[in-house]
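Text of run.cif, listed as mmCIF, C-alpha atoms:
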data_structure
loop_
_atom_site.group_PDB
_atom_site.id
_atom_site.type_symbol
_atom_site.label_atom_id
_atom_site.label_comp_id
_atom_site.auth_asym_id
_atom_site.auth_seq_id
_atom_site.Cartn_x
_atom_site.Cartn_y
_atom_site.Cartn_z
ATOM 1 C CA MET B 1 54.977 -7.225 -47.262
ATOM 2 C CA HIS B 2 55.063 -10.871 -46.247
ATOM 3 C CA ILE B 3 58.113 -12.876 -47.378
ATOM 4 C CA ASP B 4 58.715 -16.477 -46.368
ATOM 5 C CA PHE B 5 60.800 -19.464 -47.384
ATOM 6 C CA ALA B 6 58.695 -22.591 -47.837
ATOM 7 C CA PRO B 7 60.100 -25.373 -45.632
ATOM 8 C CA PRO B 8 61.189 -28.491 -47.535
ATOM 9 C CA SER B 9 58.698 -31.363 -47.410
ATOM 10 C CA ASN B 10 57.934 -34.697 -49.013
ATOM 11 C CA GLY B 11 55.149 -33.166 -51.105
ATOM 12 C CA THR B 12 55.020 -30.139 -53.394
ATOM 13 C CA TYR B 13 58.013 -28.473 -51.773
ATOM 14 C CA ASN B 14 60.332 -31.484 -51.867
ATOM 15 C CA ASN B 15 63.534 -29.809 -53.060
ATOM 16 C CA ALA B 16 65.889 -32.785 -52.916
ATOM 17 C CA GLY B 17 64.889 -34.035 -56.378
ATOM 18 C CA SER B 18 63.445 -32.568 -59.562
ATOM 19 C CA SER B 19 61.677 -29.206 -59.650
ATOM 20 C CA ARG B 20 58.913 -30.626 -61.867
ATOM 21 C CA GLN B 21 56.420 -31.232 -59.064
ATOM 22 C CA LEU B 22 56.681 -27.672 -57.752
ATOM 23 C CA LEU B 23 56.488 -26.138 -61.237
ATOM 24 C CA ASN B 24 53.391 -28.201 -62.072
ATOM 25 C CA TYR B 25 51.785 -26.736 -58.972
ATOM 26 C CA LEU B 26 52.813 -23.181 -59.890
ATOM 27 C CA GLU B 27 51.088 -23.547 -63.262
ATOM 28 C CA HIS B 28 47.767 -24.775 -61.853
ATOM 29 C CA GLU B 29 46.245 -21.312 -61.416
ATOM 30 C CA ASP B 30 46.592 -20.460 -65.102
ATOM 31 C CA LEU B 31 44.777 -23.646 -66.033
ATOM 32 C CA GLU B 32 42.001 -22.949 -63.509
ATOM 33 C CA ARG B 33 41.517 -19.380 -64.768
ATOM 34 C CA ILE B 34 41.345 -20.574 -68.372
ATOM 35 C CA GLU B 35 38.735 -23.208 -67.428
ATOM 36 C CA LYS B 36 36.667 -20.448 -65.770
ATOM 37 C CA GLY B 37 36.943 -18.290 -68.876
ATOM 38 C CA ILE B 38 39.192 -15.722 -67.177
ATOM 39 C CA TYR B 39 41.583 -14.534 -69.855
ATOM 40 C CA THR B 40 42.262 -11.078 -68.436
ATOM 41 C CA TYR B 41 45.901 -11.735 -67.670
ATOM 42 C CA THR B 42 47.984 -14.926 -67.657
ATOM 43 C CA GLU B 43 51.645 -15.337 -68.470
ATOM 44 C CA GLY B 44 54.511 -17.759 -68.171
ATOM 45 C CA PHE B 45 57.503 -17.750 -65.885
ATOM 46 C CA PHE B 46 59.998 -14.887 -65.728
ATOM 47 C CA ASN B 47 63.576 -14.395 -64.588
ATOM 48 C CA GLN B 48 65.919 -11.425 -64.265
ATOM 49 C CA THR B 49 65.928 -10.629 -67.994
ATOM 50 C CA GLU B 50 63.120 -12.560 -69.724
ATOM 51 C CA ASP B 51 59.320 -12.958 -69.624
ATOM 52 C CA ASN B 52 56.954 -15.724 -70.759
ATOM 53 C CA ILE B 53 59.392 -18.568 -70.250
ATOM 54 C CA TYR B 54 57.977 -22.074 -70.732
ATOM 55 C CA LYS B 55 57.759 -24.445 -67.799
ATOM 56 C CA SER B 56 59.814 -27.095 -69.620
ATOM 57 C CA GLN B 57 62.729 -24.663 -69.933
ATOM 58 C CA VAL B 58 62.558 -23.802 -66.228
ATOM 59 C CA ILE B 59 62.589 -27.471 -65.205
ATOM 60 C CA LYS B 60 65.572 -28.190 -67.427
ATOM 61 C CA ASP B 61 67.499 -25.139 -66.201
ATOM 62 C CA ILE B 62 66.927 -25.742 -62.480
ATOM 63 C CA ASP B 63 67.432 -29.506 -62.587
ATOM 64 C CA SER B 64 70.718 -29.249 -64.494
ATOM 65 C CA ASN B 65 72.260 -26.633 -62.190
ATOM 66 C CA ILE B 66 73.188 -29.065 -59.406
ATOM 67 C CA GLY B 67 76.967 -29.500 -59.726
ATOM 68 C CA GLN B 68 78.658 -31.189 -56.719
ATOM 69 C CA LEU B 69 75.367 -31.560 -54.813
ATOM 70 C CA LEU B 70 74.581 -34.828 -53.059
ATOM 71 C CA LYS B 71 71.397 -36.785 -53.722
ATOM 72 C CA THR B 72 69.839 -35.660 -50.445
ATOM 73 C CA ASP B 73 70.977 -32.026 -50.732
ATOM 74 C CA ALA B 74 68.507 -29.267 -51.494
ATOM 75 C CA LYS B 75 68.571 -28.434 -55.206
ATOM 76 C CA PHE B 76 66.399 -25.309 -55.026
ATOM 77 C CA TYR B 77 64.355 -23.170 -52.624
ATOM 78 C CA ALA B 78 60.823 -21.834 -52.853
ATOM 79 C CA ILE B 79 60.120 -18.269 -51.732
ATOM 80 C CA HIS B 80 56.759 -16.493 -51.413
ATOM 81 C CA VAL B 81 56.501 -12.713 -51.816
ATOM 82 C CA SER B 82 53.044 -11.491 -50.813
ATOM 83 C CA PRO B 83 52.145 -7.781 -50.662
ATOM 84 C CA SER B 84 49.281 -6.592 -48.474
ATOM 85 C CA GLU B 85 46.107 -5.136 -49.995
ATOM 86 C CA LYS B 86 47.337 -1.604 -49.280
ATOM 87 C CA GLU B 87 50.684 -2.351 -50.909
ATOM 88 C CA LEU B 88 48.973 -3.875 -53.946
ATOM 89 C CA ARG B 89 46.900 -0.712 -54.419
ATOM 90 C CA ALA B 90 50.158 1.238 -54.477
ATOM 91 C CA MET B 91 51.449 -1.098 -57.209
ATOM 92 C CA GLY B 92 48.651 -0.524 -59.708
ATOM 93 C CA ASN B 93 44.920 -0.485 -60.408
ATOM 94 C CA THR B 94 44.617 -3.606 -62.558
ATOM 95 C CA GLU B 95 45.957 -7.159 -62.367
ATOM 96 C CA GLN B 96 48.277 -6.467 -65.269
ATOM 97 C CA GLU B 97 49.684 -3.307 -63.695
ATOM 98 C CA GLN B 98 50.222 -5.077 -60.384
ATOM 99 C CA ALA B 99 51.885 -8.080 -62.053
ATOM 100 C CA GLU B 100 54.272 -5.849 -64.019
ATOM 101 C CA ALA B 101 55.042 -3.904 -60.840
ATOM 102 C CA MET B 102 55.735 -7.145 -58.991
ATOM 103 C CA LYS B 103 58.190 -8.313 -61.634
ATOM 104 C CA CYS B 104 59.897 -4.932 -61.463
ATOM 105 C CA TYR B 105 60.133 -5.215 -57.667
ATOM 106 C CA ILE B 106 61.575 -8.746 -57.819
ATOM 107 C CA ARG B 107 64.188 -7.746 -60.386
ATOM 108 C CA GLU B 108 65.191 -4.363 -58.985
ATOM 109 C CA VAL B 109 64.846 -4.873 -55.244
ATOM 110 C CA PHE B 110 64.341 -8.399 -53.971
ATOM 111 C CA ILE B 111 66.857 -10.409 -56.012
ATOM 112 C CA PRO B 112 69.668 -7.791 -55.686
ATOM 113 C CA GLU B 113 69.175 -7.752 -51.888
ATOM 114 C CA TYR B 114 68.959 -11.561 -51.851
ATOM 115 C CA ALA B 115 72.322 -11.759 -53.641
ATOM 116 C CA LYS B 116 73.999 -9.236 -51.313
ATOM 117 C CA ASN B 117 72.951 -11.092 -48.175
ATOM 118 C CA PHE B 118 75.191 -14.070 -48.940
ATOM 119 C CA ASN B 119 78.201 -11.793 -48.391
ATOM 120 C CA LYS B 120 79.985 -13.358 -51.357
ATOM 121 C CA LYS B 121 80.078 -10.284 -53.614
ATOM 122 C CA LEU B 122 77.201 -11.589 -55.716
ATOM 123 C CA ALA B 123 74.928 -9.495 -57.947
ATOM 124 C CA ALA B 124 71.404 -10.092 -59.194
ATOM 125 C CA LEU B 125 72.627 -11.690 -62.430
ATOM 126 C CA ASP B 126 74.531 -14.306 -60.398
ATOM 127 C CA ILE B 127 71.274 -15.712 -59.017
ATOM 128 C CA LYS B 128 69.457 -18.378 -61.034
ATOM 129 C CA PHE B 129 65.761 -17.970 -60.319
ATOM 130 C CA TYR B 130 62.332 -18.086 -61.935
ATOM 131 C CA GLY B 131 59.145 -16.403 -60.810
ATOM 132 C CA LYS B 132 55.433 -17.019 -61.313
ATOM 133 C CA ILE B 133 52.644 -14.556 -60.581
ATOM 134 C CA HIS B 134 49.458 -15.811 -58.885
ATOM 135 C CA PHE B 135 46.310 -13.742 -58.350
ATOM 136 C CA ASP B 136 44.170 -15.891 -56.044
ATOM 137 C CA ARG B 137 44.401 -17.469 -52.613
ATOM 138 C CA CYS B 138 41.794 -20.096 -51.831
ATOM 139 C CA ARG B 139 41.964 -19.397 -48.078
ATOM 140 C CA SER B 140 41.812 -15.604 -48.267
ATOM 141 C CA ASP B 141 38.818 -13.279 -48.106
ATOM 142 C CA ASN B 142 40.826 -10.272 -49.306
ATOM 143 C CA GLU B 143 39.704 -8.443 -52.418
ATOM 144 C CA LEU B 144 43.287 -8.382 -53.770
ATOM 145 C CA ASN B 145 45.557 -11.409 -53.404
ATOM 146 C CA MET B 146 48.237 -11.110 -56.076
ATOM 147 C CA HIS B 147 51.539 -12.689 -54.964
ATOM 148 C CA CYS B 148 54.690 -14.144 -56.455
ATOM 149 C CA HIS B 149 56.247 -17.604 -56.190
ATOM 150 C CA LEU B 150 59.996 -17.824 -56.710
ATOM 151 C CA ILE B 151 62.035 -20.950 -57.321
ATOM 152 C CA VAL B 152 65.724 -20.238 -56.709
ATOM 153 C CA SER B 153 68.532 -22.621 -57.591
ATOM 154 C CA ARG B 154 70.819 -23.826 -54.792
ATOM 155 C CA LYS B 155 73.792 -23.038 -57.051
ATOM 156 C CA ASP B 156 74.640 -19.694 -58.637
ATOM 157 C CA GLN B 157 74.597 -19.087 -62.394
ATOM 158 C CA SER B 158 78.152 -20.368 -62.757
ATOM 159 C CA ASN B 159 77.110 -23.643 -61.066
ATOM 160 C CA LYS B 160 80.069 -23.273 -58.682
ATOM 161 C CA LYS B 161 78.891 -21.560 -55.489
ATOM 162 C CA LYS B 162 76.445 -23.125 -53.064
ATOM 163 C CA LEU B 163 73.836 -20.682 -51.795
ATOM 164 C CA SER B 164 71.475 -21.515 -48.952
ATOM 165 C CA PRO B 165 69.095 -18.852 -47.614
ATOM 166 C CA LEU B 166 68.066 -21.256 -44.818
ATOM 167 C CA THR B 167 71.495 -21.499 -43.203
ATOM 168 C CA ASN B 168 71.900 -20.272 -39.648
ATOM 169 C CA HIS B 169 75.365 -18.877 -40.369
ATOM 170 C CA LYS B 170 75.637 -15.094 -40.584
ATOM 171 C CA ASN B 171 78.603 -13.386 -42.232
ATOM 172 C CA THR B 172 81.050 -16.106 -41.210
ATOM 173 C CA LYS B 173 84.674 -15.730 -42.253
ATOM 174 C CA LYS B 174 86.019 -19.217 -41.408
ATOM 175 C CA GLY B 175 84.760 -22.786 -41.450
ATOM 176 C CA THR B 176 82.946 -24.962 -43.962
ATOM 177 C CA VAL B 177 80.268 -22.302 -44.532
ATOM 178 C CA THR B 178 81.503 -18.817 -45.346
ATOM 179 C CA GLY B 179 79.290 -15.833 -45.848
ATOM 180 C CA GLY B 180 76.070 -17.200 -44.394
ATOM 181 C CA PHE B 181 72.748 -15.438 -44.846
ATOM 182 C CA GLU B 182 70.843 -12.828 -42.801
ATOM 183 C CA ARG B 183 67.131 -13.308 -43.363
ATOM 184 C CA VAL B 184 66.073 -10.521 -41.003
ATOM 185 C CA ARG B 185 68.213 -8.017 -42.864
ATOM 186 C CA LEU B 186 66.779 -9.254 -46.181
ATOM 187 C CA PHE B 187 63.224 -8.685 -44.954
ATOM 188 C CA GLN B 188 64.123 -5.184 -43.732
ATOM 189 C CA GLN B 189 65.907 -4.200 -46.947
ATOM 190 C CA ALA B 190 63.198 -5.709 -49.166
ATOM 191 C CA GLU B 191 60.593 -3.669 -47.281
ATOM 192 C CA GLN B 192 62.601 -0.437 -47.501
ATOM 193 C CA GLY B 193 63.231 -1.055 -51.210
ATOM 194 C CA PHE B 194 59.503 -1.537 -51.821
ATOM 195 C CA ASP B 195 58.663 1.742 -50.084
ATOM 196 C CA LYS B 196 61.262 3.612 -52.120
ATOM 197 C CA LEU B 197 60.302 2.024 -55.447
ATOM 198 C CA PHE B 198 56.568 2.701 -55.115
ATOM 199 C CA GLY B 199 56.638 5.779 -52.871
ATOM 200 C CA TYR B 200 54.760 3.841 -50.208
ATOM 201 C CA ASN B 201 54.123 5.585 -46.882
ATOM 202 C CA ARG B 202 54.430 2.641 -44.489
ATOM 203 C CA GLN B 203 52.853 2.926 -41.062
ATOM 204 C CA GLN B 204 54.773 1.608 -38.085
ATOM 205 C CA ASN B 205 52.322 -1.217 -37.401
ATOM 206 C CA GLU B 206 52.834 -2.417 -41.006
ATOM 207 C CA SER B 207 56.597 -2.732 -40.702
ATOM 208 C CA PHE B 208 58.523 -5.991 -40.426
ATOM 209 C CA ASP B 209 60.391 -4.726 -37.349
ATOM 210 C CA TYR B 210 57.130 -4.072 -35.501
ATOM 211 C CA HIS B 211 55.617 -7.487 -36.277
ATOM 212 C CA ASN B 212 58.909 -9.262 -35.599
ATOM 213 C CA THR B 213 59.198 -7.578 -32.210
ATOM 214 C CA MET B 214 55.588 -8.329 -31.282
ATOM 215 C CA LYS B 215 56.090 -11.974 -32.261
ATOM 216 C CA ASN B 216 59.613 -12.751 -31.094
ATOM 217 C CA GLY B 217 60.772 -9.824 -28.977
ATOM 218 C CA SER B 218 60.967 -9.654 -25.196
ATOM 219 C CA ILE B 219 58.172 -8.068 -23.164
ATOM 220 C CA PRO B 220 60.103 -4.768 -22.709
ATOM 221 C CA LYS B 221 60.732 -4.567 -26.465
ATOM 222 C CA GLN B 222 57.074 -5.268 -27.213
ATOM 223 C CA LEU B 223 55.979 -2.567 -24.780
ATOM 224 C CA ASN B 224 58.480 -0.159 -26.291
ATOM 225 C CA SER B 225 57.167 -0.854 -29.816
ATOM 226 C CA GLN B 226 53.583 -0.334 -28.672
ATOM 227 C CA GLU B 227 54.571 2.905 -26.947
ATOM 228 C CA GLN B 228 56.292 4.134 -30.122
ATOM 229 C CA GLU B 229 53.199 3.285 -32.174
ATOM 230 C CA PHE B 230 51.024 5.159 -29.645
ATOM 231 C CA GLN B 231 53.336 8.203 -29.841
ATOM 232 C CA VAL B 232 53.201 8.151 -33.634
ATOM 233 C CA SER B 233 49.399 8.028 -33.498
ATOM 234 C CA GLU B 234 49.361 10.953 -31.048
ATOM 235 C CA ARG B 235 51.642 12.996 -33.334
ATOM 236 C CA LYS B 236 49.346 12.319 -36.281
ATOM 237 C CA ILE B 237 46.316 13.433 -34.257
ATOM 238 C CA GLU B 238 48.176 16.572 -33.160
ATOM 239 C CA ILE B 239 49.213 17.344 -36.735
ATOM 240 C CA ASN B 240 45.625 16.916 -37.914
ATOM 241 C CA GLN B 241 44.370 19.180 -35.133
ATOM 242 C CA ASN B 242 46.960 21.833 -35.990
ATOM 243 C CA SER B 243 46.013 21.601 -39.639
ATOM 244 C CA ASN B 244 42.350 22.051 -38.764
ATOM 245 C CA GLN B 245 43.159 25.046 -36.553
ATOM 246 C CA GLU B 246 45.252 26.623 -39.307
ATOM 247 C CA TYR B 247 42.403 26.051 -41.737
ATOM 248 C CA LEU B 248 39.876 27.644 -39.376
ATOM 249 C CA PHE B 249 42.262 30.539 -38.697
ATOM 250 C CA SER B 250 42.697 31.146 -42.432
ATOM 251 C CA ILE B 251 38.902 31.174 -42.827
ATOM 252 C CA ASN B 252 38.554 33.693 -39.977
ATOM 253 C CA VAL B 253 41.257 35.912 -41.449
ATOM 254 C CA GLU B 254 39.591 35.741 -44.838
ATOM 255 C CA ASN B 255 36.224 36.598 -43.307
ATOM 256 C CA LYS B 256 37.755 39.510 -41.403
ATOM 257 C CA GLU B 257 39.434 40.787 -44.549
ATOM 258 C CA THR B 258 36.129 40.482 -46.398
ATOM 259 C CA SER B 259 34.301 42.319 -43.605
ATOM 260 C CA SER B 260 36.948 45.042 -43.496
ATOM 261 C CA HIS B 261 36.768 45.424 -47.223
ATOM 262 C CA PHE B 262 32.973 45.623 -47.027
ATOM 263 C CA LEU B 263 33.104 48.252 -44.269
ATOM 264 C CA LEU B 264 35.699 50.247 -46.176
ATOM 265 C CA GLU B 265 33.530 50.197 -49.273
ATOM 266 C CA ASN B 266 30.539 51.338 -47.183
ATOM 267 C CA GLU B 267 32.603 54.161 -45.693
ATOM 268 C CA ASN B 268 33.631 55.202 -49.177
ATOM 269 C CA ILE B 269 29.989 55.164 -50.262
ATOM 270 C CA VAL B 270 28.959 57.270 -47.248
ATOM 271 C CA THR B 271 31.833 59.671 -47.861
ATOM 272 C CA LYS B 272 30.856 59.961 -51.502
ATOM 273 C CA GLN B 273 27.247 60.594 -50.541
ATOM 274 C CA GLU B 274 28.283 63.266 -48.035
ATOM 275 C CA SER B 275 30.523 64.880 -50.650
ATOM 276 C CA TYR B 276 27.690 64.792 -53.143
ATOM 277 C CA THR B 277 25.306 66.359 -50.609
ATOM 278 C CA SER B 278 27.819 69.102 -49.757
ATOM 279 C CA ALA B 279 28.456 69.784 -53.407
ATOM 280 C CA SER B 280 24.720 69.956 -54.114
ATOM 281 C CA SER B 281 24.199 72.306 -51.184
ATOM 282 C CA PHE B 282 27.032 74.506 -52.389
ATOM 283 C CA LEU B 283 25.657 74.627 -55.919
ATOM 284 C CA ASN B 284 22.174 75.416 -54.658
ATOM 285 C CA GLN B 285 23.593 78.197 -52.545
ATOM 286 C CA LYS B 286 25.473 79.609 -55.519
ATOM 287 C CA ASN B 287 22.411 79.341 -57.707
ATOM 288 C CA ASN B 288 20.335 81.150 -55.125
ATOM 289 C CA GLN B 289 22.937 83.904 -54.924
ATOM 290 C CA THR B 290 22.996 84.226 -58.697
ATOM 291 C CA SER B 291 19.204 84.329 -58.806
ATOM 292 C CA ASP B 292 19.176 87.100 -56.215
ATOM 293 C CA VAL B 293 21.563 89.165 -58.319
ATOM 294 C CA ILE B 294 19.475 88.715 -61.440
ATOM 295 C CA ILE B 295 16.265 89.596 -59.600
ATOM 296 C CA SER B 296 17.845 92.704 -58.148
ATOM 297 C CA LEU B 297 18.828 93.866 -61.622
ATOM 298 C CA ILE B 298 15.342 93.261 -62.964
ATOM 299 C CA ALA B 299 13.819 95.080 -60.048
ATOM 300 C CA SER B 300 16.076 98.087 -60.496
ATOM 301 C CA ARG B 301 15.103 98.433 -64.148
ATOM 302 C CA THR B 302 11.407 97.697 -63.917
ATOM 303 C CA GLY B 303 10.642 99.157 -60.571
ATOM 304 C CA LEU B 304 9.153 95.850 -59.388
ATOM 305 C CA THR B 305 9.785 94.452 -55.970
ATOM 306 C CA PHE B 306 10.003 90.767 -54.988
ATOM 307 C CA ASN B 307 9.328 88.793 -51.861
ATOM 308 C CA ASN B 308 12.496 87.296 -50.522
ATOM 309 C CA GLU B 309 10.892 83.934 -49.862
ATOM 310 C CA ASN B 310 8.984 83.219 -53.044
ATOM 311 C CA GLN B 311 10.548 85.853 -55.280
ATOM 312 C CA ILE B 312 7.101 86.900 -56.467
ATOM 313 C CA PRO B 313 6.949 90.409 -57.882
ATOM 314 C CA LYS B 314 4.751 92.927 -55.961
ATOM 315 C CA SER B 315 2.588 95.438 -57.754
ATOM 316 C CA LYS B 316 2.778 99.104 -56.648
ATOM 317 C CA LYS B 317 -0.255 100.433 -54.742
ATOM 318 C CA LYS B 318 -2.074 103.206 -56.444
ATOM 319 C CA LYS B 319 -2.755 106.322 -54.357
ATOM 320 C CA LYS B 320 -6.450 106.919 -53.838
ATOM 321 C CA LYS B 321 -7.679 110.239 -55.011
ATOM 322 C CA GLY B 322 -9.783 112.166 -52.522
ATOM 323 C CA ARG B 323 -13.397 112.842 -53.307
ATOM 324 C CA ARG B 324 -14.286 116.274 -54.315
ATOM 325 C CA LEU B 325 -16.742 117.849 -52.123
#
Show how you would write the structure in this file as structure tokens.
Amino acid sequence: MHIDFAPPSNGTYNNAGSSRQLLNYLEHEDLERIEKGIYTYTEGFFNQTEDNIYKSQVIKDIDSNIGQLLKTDAKFYAIHVSPSEKELRAMGNTEQEQAEAMKCYIREVFIPEYAKNFNKKLAALDIKFYGKIHFDRCRSDNELNMHCHLIVSRKDQSNKKKLSPLTNHKNTKKGTVTGGFERVRLFQQAEQGFDKLFGYNRQQNESFDYHNTMKNGSIPKQLNSQEQEFQVSERKIEINQNSNQEYLFSINVENKETSSHFLLENENIVTKQESYTSASSFLNQKNNQTSDVIISLIASRTGLTFNNENQIPKSKKKKKKGRRL
């Protein structure tokens, strides 16, 4: 998530006068998309409670909320909130889904944290702001480029308290500026709030702390951040390896169980076959014994004799009569 405060200038971001010039610029994308015949999703400005607010109302509201400000004082501030491509994919699949998610994020996370950081017991409803969703960036080659422009009044809703997010004071108790503003803490809290709201699993090299350290930190801090990122990468590799090993182990166990089951079934089949063979042998033996008994009875009554092997009856030999001389 990239968040920045546009520095005041003499052009579009001149915040010492009327907000009209900036708001004309913020509306240019809608006009360009309409000219190209892109009507998929365009809408007006939004604030904490309303959608589709007309530009004329925003100009009137911002330009009239300047009580006790000098001519050269800043009357408003411009803020850019730009999610990365990965973050945008976590926010929705279509432009409309992403735009609605962005408005939800601004209302529920960014503006409440913005209000808290002034250390003046302010809530989201105390901040006078308007937002505009843009979908394109002329200098970007990314597939997804949705981002949000915010124009925030220098004064709170009551038009009494001065609020400057560009001050260098931080949580001051005395002096002309009390409260101050901590931009680093805002970026950290806005990032954490995004992750919680959308269930986003942020990698270390995506975090604000990492990029801030690599850009502004001392050499030891940069080395420490790189070492931490390397350790995180190693842990991920180790976890993946362990997962793969567990998967392979589960496959081996399953194969062993299948093999054991197969062998057990084969043993049961062999046992059944042996039992069947034994039973058949026993029955054959019994049948043979029964046959022998029956044959013996027949033989005793008929006077026939049988061969033991083939049980074929034998005829009695007749005695030859001697020749008479």
Take the PyMOL selection byres ((chain B and resi 51-68) around 10), apply it to the structure above, and return the hits as JSON, numbers by chain. {"B": [17, 18, 19, 20, 21, 22, 23, 24, 26, 27, 42, 43, 44, 45, 46, 47, 48, 49, 50, 69, 70, 71, 73, 74, 75, 76, 103, 128, 129, 130, 131, 132, 151, 152, 153, 154, 155, 156, 157, 158, 159, 160, 161, 162]}
Write out as a PyMOL selection string each polymer residue whose atoms come within 10 Å of Val184 (chain B), counting all atoms listed in the file; drop sequence neighbours fewer than 4 positions from it. chain B and resi 117+188-190+208-209+212
In Å, with one decimal, what is the gap from CA of Lys86 (chain B) to CA of Glu100 (chain B)? 16.8 Å
Residues in the PyMOL selection byres ((chain B and resi 200) around 12), expressed as a ChimeraX atom specification: /B:1,83-84,86-91,191-199,201-203,206-207
Output check: residues returned by the PyMOL selection byres ((chain B and resi 102) around 9), as a PyMOL selection string: chain B and resi 91+97-101+103-107+133+146-148
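Compared by their closest atoms to Glu32 (chain B), and using only C-alpha atoms, the residues B:Pro7, B:His134, B:Pro112, B:Gly92 rank with B:His134 nearest.
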Closest to Glu143 (chain B) among B:Glu85, B:Glu95, B:Glu182, B:Lys120, using all atoms listed in the file?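 The answer is B:Glu85, which sits nearest to Glu143 (chain B).
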Distance in Å - CA of Ala124 (chain B) versus CA of Arg185 (chain B):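 Answer for the CA of Ala124 (chain B) to CA of Arg185 (chain B) separation: 16.8 Å.
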Between B:Phe135, B:Leu144, B:Arg183, B:Thr72, smallest distance to Asn14 (chain B) by all atoms listed in the file belongs to B:Thr72
Coordinates of box centre and edge lengths for region 151-168 of chain B, 6 Å on every side, axis-aligned, as lines of an AutoDock Vina configuration file:
center_x = 71.1
center_y = -21.3
center_z = -51.2
size_x = 30.0
size_y = 17.0
size_z = 35.1
Atom-to-atom span, CA of Asp30 (chain B) and CA of Thr12 (chain B), Å: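 Result for CA of Asp30 (chain B) versus CA of Thr12 (chain B): 17.4 Å, one decimal.
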Considering all atoms listed in the file, can you say which of B:Gly217, B:Ala6, B:Phe187, B:Phe110 comes closest to His80 (chain B)?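 Of B:Gly217, B:Ala6, B:Phe187, B:Phe110, the one nearest His80 (chain B) is B:Ala6, counting all atoms listed in the file.
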Please provide the set of residues having any atom within 8 Å of Leu166 (chain B), restricted to all atoms listed in the file, with same-chain residues fewer than 2 positions apart removed, written as a short mmCIF file (atom, residue, chain, number, x, y, z; two decimals) with C-alpha atoms, in the frame of the given file.
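Result went into selection.cif, see below:
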data_model
loop_
_atom_site.label_atom_id
_atom_site.label_comp_id
_atom_site.auth_asym_id
_atom_site.auth_seq_id
_atom_site.Cartn_x
_atom_site.Cartn_y
_atom_site.Cartn_z
CA PHE B 5 60.80 -19.46 -47.38
CA SER B 164 71.47 -21.52 -48.95
CA ASN B 168 71.90 -20.27 -39.65
CA PHE B 181 72.75 -15.44 -44.85
#
